[in-house]
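Peer 1: First, the structure itself, so that you have it in front of you.
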Amino acid sequence: MGQAGWQDLAALAAQVHSGCLLAVPKDSSGVSMAITREILRSGVRDLHLVCLPTSGLQAEVLIGAGAVRTLETSAVSLGEFGPAPRFAAAVRAGTIRLLDATCPALYAAFQAGQKGLPFIPLRGLIGSDLLRMRADWKVIDNPFAPGDAIALLPAIRPDVCVFHAPLADAEGNVFIGRERDLLLLAQASRRCLVSVEAVSKENLLRDPARAGSVIPAIYVNGLARAPGGAQPLELEGHHETDAAQMSAYVSRSSTEAGFRAFLDEWLSLGKVAA
Amino acid sequence: MGQAGWQDLAALAAQVHSGCLLAVPKDSSGVSMAITREILRSGVRDLHLVCLPTSGLQAEVLIGAGAVRTLETSAVSLGEFGPAPRFAAAVRAGTIRLLDATCPALYAAFQAGQKGLPFIPLRGLIGSDLLRMRADWKVIDNPFAPGDAIALLPAIRPDVCVFHAPLADAEGNVFIGRERDLLLLAQASRRCLVSVEAVSKENLLRDPARAGSVIPAIYVNGLARAPGGAQPLELEGHHETDAAQMSAYVSRSSTEAGFRAFLDEWLSLGKVAA
Amino acid sequence: MWLLGRRLRFPAQPPCSPGELRLSVLGSRQNNFFTSGGVELFDLAAQGRIDAFFLGGGQIDGQANINLVGTGNYPRTSVRWPGSFGSAYLYFLVPRVILFREEHTRRVFVPRVDFISAPGVSAPEVHRPGGPRALVTSRALFSFDAQAAGFTLQSVHPGHSAAEVRENTGFAYREALPTVVTPPPDRFALALLRGPVREELSEVYPRFAAVLAAEELTAEPGPP
Amino acid sequence: MWLLGRRLRFPAQPPCSPGELRLSVLGSRQNNFFTSGGVELFDLAAQGRIDAFFLGGGQIDGQANINLVGTGNYPRTSVRWPGSFGSAYLYFLVPRVILFREEHTRRVFVPRVDFISAPGVSAPEVHRPGGPRALVTSRALFSFDAQAAGFTLQSVHPGHSAAEVRENTGFAYREALPTVVTPPPDRFALALLRGPVREELSEVYPRFAAVLAAEELTAEPGPP
């Protein structure tokens, strides 16, 4: 492709530094398992992982591998495949710091980051233990309607976000269809790293049908072509979740040793395939 | 079309009531001059017209016809065609109440309406006469960083919005391309009335290329097919602004009598064409 | 794993809608009519455009507080569940929230939840147009009264008893007397549940739908 | 009618960018790389991703306050201009704002604007990473010092004098002595302005571009 923005997966992962605030989308939006694998290979540690608004397998492998220091999410779930074993184990062991949130709180805080606002108000939360545990959230009396308590959340501006999308063009414009969460990730974050299924020969911003569903290249700091880069998670319009792989993951990772064996295999498999 | 949502222009205009909060987009986003004409024919009065974030010819004819009581906008401009004569005349005469704003303030207040938030913070404004004149805007000390003053704006939730778009399907999904302001209008408003150039035979939400640029039918309360319904204003991908018509408008409407003659002509022309 | 149904309400019936009720299963693509990302559902709720939804809980107490986080001392809960999702928001804003939990035991229905993901009732200064209206379990149906901040046993499902419900519920509640038996679904409703509803569910919860199908083979349909 | 140019700045050079400088003319479709509607520009500014823009004013005073609303007593201004657009926002947030106004007279450059669309300086408690850096007119170039809250005459355009500038400016300012003459654009810059720049401008301001083209026919290019 010859464009500066197009790199290999390892070069993308090298832009995710230890201790950084890393943002990722929910399992169905387009998770880059391909970049995640390279991040783990690079030996990054102490990540503050923030999920928009939940995570599943990606949070599992990052936590299980010991790369996460702080987890900010409204849930970690493998859906019907069962509880997330390494997440639960890390919670029990106290090895990760938890910032439990709600989905709308994460959306709102990312939107505040996207808009360059210092904070944003949000309904709900008051009276929950979520709020009680979050020293970084506040409650004020609505200045427009005294006697109306409302929560204020500080903006989230991740250092970097990482995801997988169906299509990009040579200039770095990324087509996301209806997965608008990916645009929110890209705009709220200071850097944005993307793996894609395929590369379009046409400039996507010049396609009147697609242009409105494009992340402009101005937000994209690095791109790699990685067909199947979301697997075993789903990618809309491309493939479903690989149920066999997910089930195998859940049963193997019920123990630390089982997870380690899975991880070694997964990392080396990736190396062969790359 | 046979769908309940598809109506004629007069039936759409009948849903815009005297005294209501009417929201419209800027001239380049897709203005429904077709519905505007029917609104004026219906004799509606005392509108609170709120522009996202500016207006031009549409505000001119609504103000000139005496249908507007309050105008909330960051500008009324006919661009290179010159100052907006009926707007300036109404300001001089004191016949409209002005709520002068900024573009980002209107975007933020609409976004607060879209999110169901009571208010939203915004940078800028402090020290301007805009803020001094707006009793409905407040300034607080940022609760997260004392010593940082910041403005708070109440949400805008219009009673109804009106605009013109290139394409809709039989179910009422509306394709807007990159004109994302139209989605913001539709989501922030309680009702949404749309005229379109053409009707798609396919369900737009099932078209993977276009689906991400669609206003879902759940927000659309009424639709009419009205080819050329934005003229003489532009519609991206369809036609440019009609410079001859715009220049003629500006010179005719420099006097009240000239505007009245234009208006009579425009309203009757529309009747013939409908 | 929880289910969310919603009806979108407009000042008037949206004329473009094919029917009056709109229902969505979270996570479904077939029934996804949103184009603004995951935030759209929550924005609609705060605007008052959603009438009802279904919410489960790992623990539920007598004040309808729900816990989706885990048991034991937070943050190092001994059992950790996925997390609170949108509960401490939709529970406040959607007028009719139906709580559901199939397992009806004292480990689920506790005197006091270990972690309040979302409270059942709120102080007067908290904007709360919504909240719990009912709780459905495998044994019974309860209603909830926000003023009294408590549940009332409305009916007991066929084959179960009020005493059994008492024995398996860890929180106090009122009982409407005499005990009413929950009317079973009629054949029309049952056909709907086993037909189109299960079909739609299977997109997002294929395993759950398969379990339902298997159970059906061993169960007799219709009223006893 | 004002023009906005901007450079998008990232922690590092965006690797997908074809060049370092990104410039956009407000209202242009050809140069529109936004897909989030009109709000996107303002969001970028608040994030600190825009380095510079150009802003005009109906009136400008010595503290760099600008008036885009009108002259006389607001709201019933005797002359009404379009409105404040995004001024009371971008003026605060974009580090390098270049004020411009071709007409250099005492009716434009006033002691005190009749309406402050956006203030030139702000109190310490106001978040203001941005503000005015310079003012360009048909007669001269001024710099602006936010600490002193005032303009300094930096240079006078060829054919004009410091005395003429004084006579036609309604506010007080400092003068750098001796008076410097503004260096005219070199032939390369002039070719750029009359070629690609005018070409791009003509998309959004066709009439202005046509006027520029007509003037060029009667003007001699290059340094005198």
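Residues are named by chain letter and number: chains run A, B, ... in the order of the structure tokens, numbers start at 1 in each chain, and ligands are numbered from 1 in the order shown.
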Select from segment 27-161 of chain C everything DSSP, run on the backbone, classes as strand (DSSP E or B), then give the selection as JSON, numbers by chain.

Peer 2: {"C": [50, 52, 53, 54, 55, 59, 60, 61, 66, 67, 70, 71, 79, 80, 96, 97, 98, 99, 100, 101, 109, 110, 118, 126, 132, 133, 134, 135, 136, 137, 140, 141, 142, 143, 144, 145, 150, 151, 152, 153, 154, 155, 156]}

Peer 1: Could you list, as a list of chain:residue names, every residue of chain A that has an atom within 6 Å of an atom of chain D, counting only C-alpha atoms?

Peer 2: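 Output check: A:Ala4, A:Gly5, A:Lys115, A:Gly116, A:Glu171, A:Gly172, A:Gly212, A:Asn221.
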
Peer 1: Can you pull out every residue from segment 62-158 of chain A that DSSP, working from the backbone, puts in alpha helix (DSSP H), and format the result as a PyMOL selection string?

Peer 2: chain A and resi 62-64+85-93+103-115+129-133

Peer 1: Check every residue of chain A for an atom within 6 Å of chain B, counting only C-alpha atoms, and provide those that qualify as a ChimeraX atom specification.

Peer 2: /A:177-178,209-210,212-213

Peer 1: Report as a ChimeraX atom specification all protein, DNA and RNA residues lying within 10 Å of Leu235 of chain B, evaluated on only C-alpha atoms, omitting residues in the same chain fewer than 2 positions from it.

Peer 2: /B:27-31,164-166,197,228-233,237-241

Peer 1: What's the separation between atom CA of Ser78 of chain D and atom CA of Val91 of chain B, in Å to one decimal place?

Peer 2: 8.1 Å

Peer 1: Can you pull out every residue within 12 Å of segment 194-203 of chain D, counting only C-alpha atoms, but drop anything in the same chain fewer than 6 positions away, and send it as an MDAnalysis selection string?

Peer 2: (chainID B and resid 80 240:241) or (chainID D and resid 2:5 23:32 185 187:188 209:217 221:222)

Peer 1: If we count only C-alpha atoms, what is near Gly64 of chain B at a cut-off of 12 Å, once residues fewer than 4 positions away on the same chain are taken out, given as an MDAnalysis selection string?

Peer 2: chainID B and resid 40 45 56:60 68:69 84:91 93 95:96 249 253:264

Peer 1: Contacts of segment 122-126 of chain C at 8 Å or less, counting only C-alpha atoms, minus same-chain residues fewer than 5 places along, as a list in words?

Peer 2: Ile126, Gly127, Gly147, Asp148, Ala149 and Ile150 of chain A
